[in-house]
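Asker: Let me give you the structure first, and then I'll get to my questions.
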Amino acid sequence: MTEVTGQTEYALRRAGVSQVNTDATRIWLGKVHTPPGYASEAHHHGEAETAGYVLKGRAFILIGEDYRERVDLEEGDFVFVPPHTPHIEGNASDTEELIWMTARTPDNIVVNLGRADQ
């Protein structure tokens, strides 16, 4: 069973393991879907540490001052996003869906910061 959880525009999160659907108390694990050609709005995950794995597609993450630093990722790549780190997640493909596996601890904290120039 999956549940829809804290959301950011163009980054649809579906929980597989969470406090809502299991006895987990300090971890969130789920899939994040981004349609072709889209990027999330700027956001961070509060105190949560985030580990991501590109399950399907090609991704990029924009971080740093004015989101000028870009990290490109492909299927099979891992990424770590430290707590309180504003970022934008994007789909680098205009034709294929991007799917991440994401683990976050202690929970799926989502703080949306609004759209940024990309």
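Ordering of the structure tokens sets the chain letters (A, B, ...); residue numbers start at 1 within each chain; ligands are numbered from 1 in the order shown.
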Need the shell around range 92-105 of chain A: protein/DNA/RNA residues with any atom at most 6 Å away, counting only C-alpha atoms. Skip same-chain ones fewer than 3 positions apart. Format as a PyMOL selection string?
Answerer: chain A and resi 26-37+48-59
Asker: Go through A:Ile109, A:Ile63, A:Ala24, A:Ile88 and flag the residue nearest Ala11 in chain A, using only C-alpha atoms for the distances.
Answerer: A:Ile88
Asker: Tell me, as a VMD selection string, which residues lie within 12 Å of Arg70 in chain A, counting only C-alpha atoms; anything in the same chain fewer than 4 positions away does not count.
Answerer: chain A and resid 59 to 66 87 to 90 92 118
Asker: Generate the output file for the selected residues, C-alpha atoms, as a compact mmCIF listing (two decimals), in the first residue's frame.
Answerer:
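File produced: again-v6.txt:
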```txt
# COMPACT_ATOMS: atom_id res chain seq x y z
CA ALA A 59 17.68 13.87 -13.26
CA PHE A 60 19.30 17.08 -12.15
CA ILE A 61 19.39 18.88 -8.83
CA LEU A 62 19.97 22.62 -8.56
CA ILE A 63 21.47 23.83 -5.27
CA GLY A 64 23.61 26.63 -3.91
CA GLU A 65 23.29 30.38 -4.24
CA ASP A 66 20.43 31.19 -6.63
CA HIS A 87 17.09 22.60 -3.87
CA ILE A 88 15.17 22.00 -7.09
CA GLU A 89 14.77 18.51 -8.56
CA GLY A 90 14.30 18.26 -12.31
CA ALA A 92 16.47 16.11 -17.65
CA GLN A 118 15.36 27.87 -13.73
```
Asker: Which one of A:Thr25, A:Asn91, A:Thr85, A:Ser40 sits closest to Asp107 in chain A if you count only C-alpha atoms?
Answerer: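 Looking only at the distances to Asp107 in chain A, the closest residue turns out to be A:Thr25.
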Asker: Between A:Ala39, A:Gly46, A:Tyr67, A:Leu12, which is the closest to Pro106 in chain A once you count only C-alpha atoms?
Answerer: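 Selected residue with least distance to Pro106 in chain A: A:Gly46.
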Asker: Quick one, how far is CA of Ala42 in chain A from CA of Arg115 in chain A?
Answerer: 5.9 Å
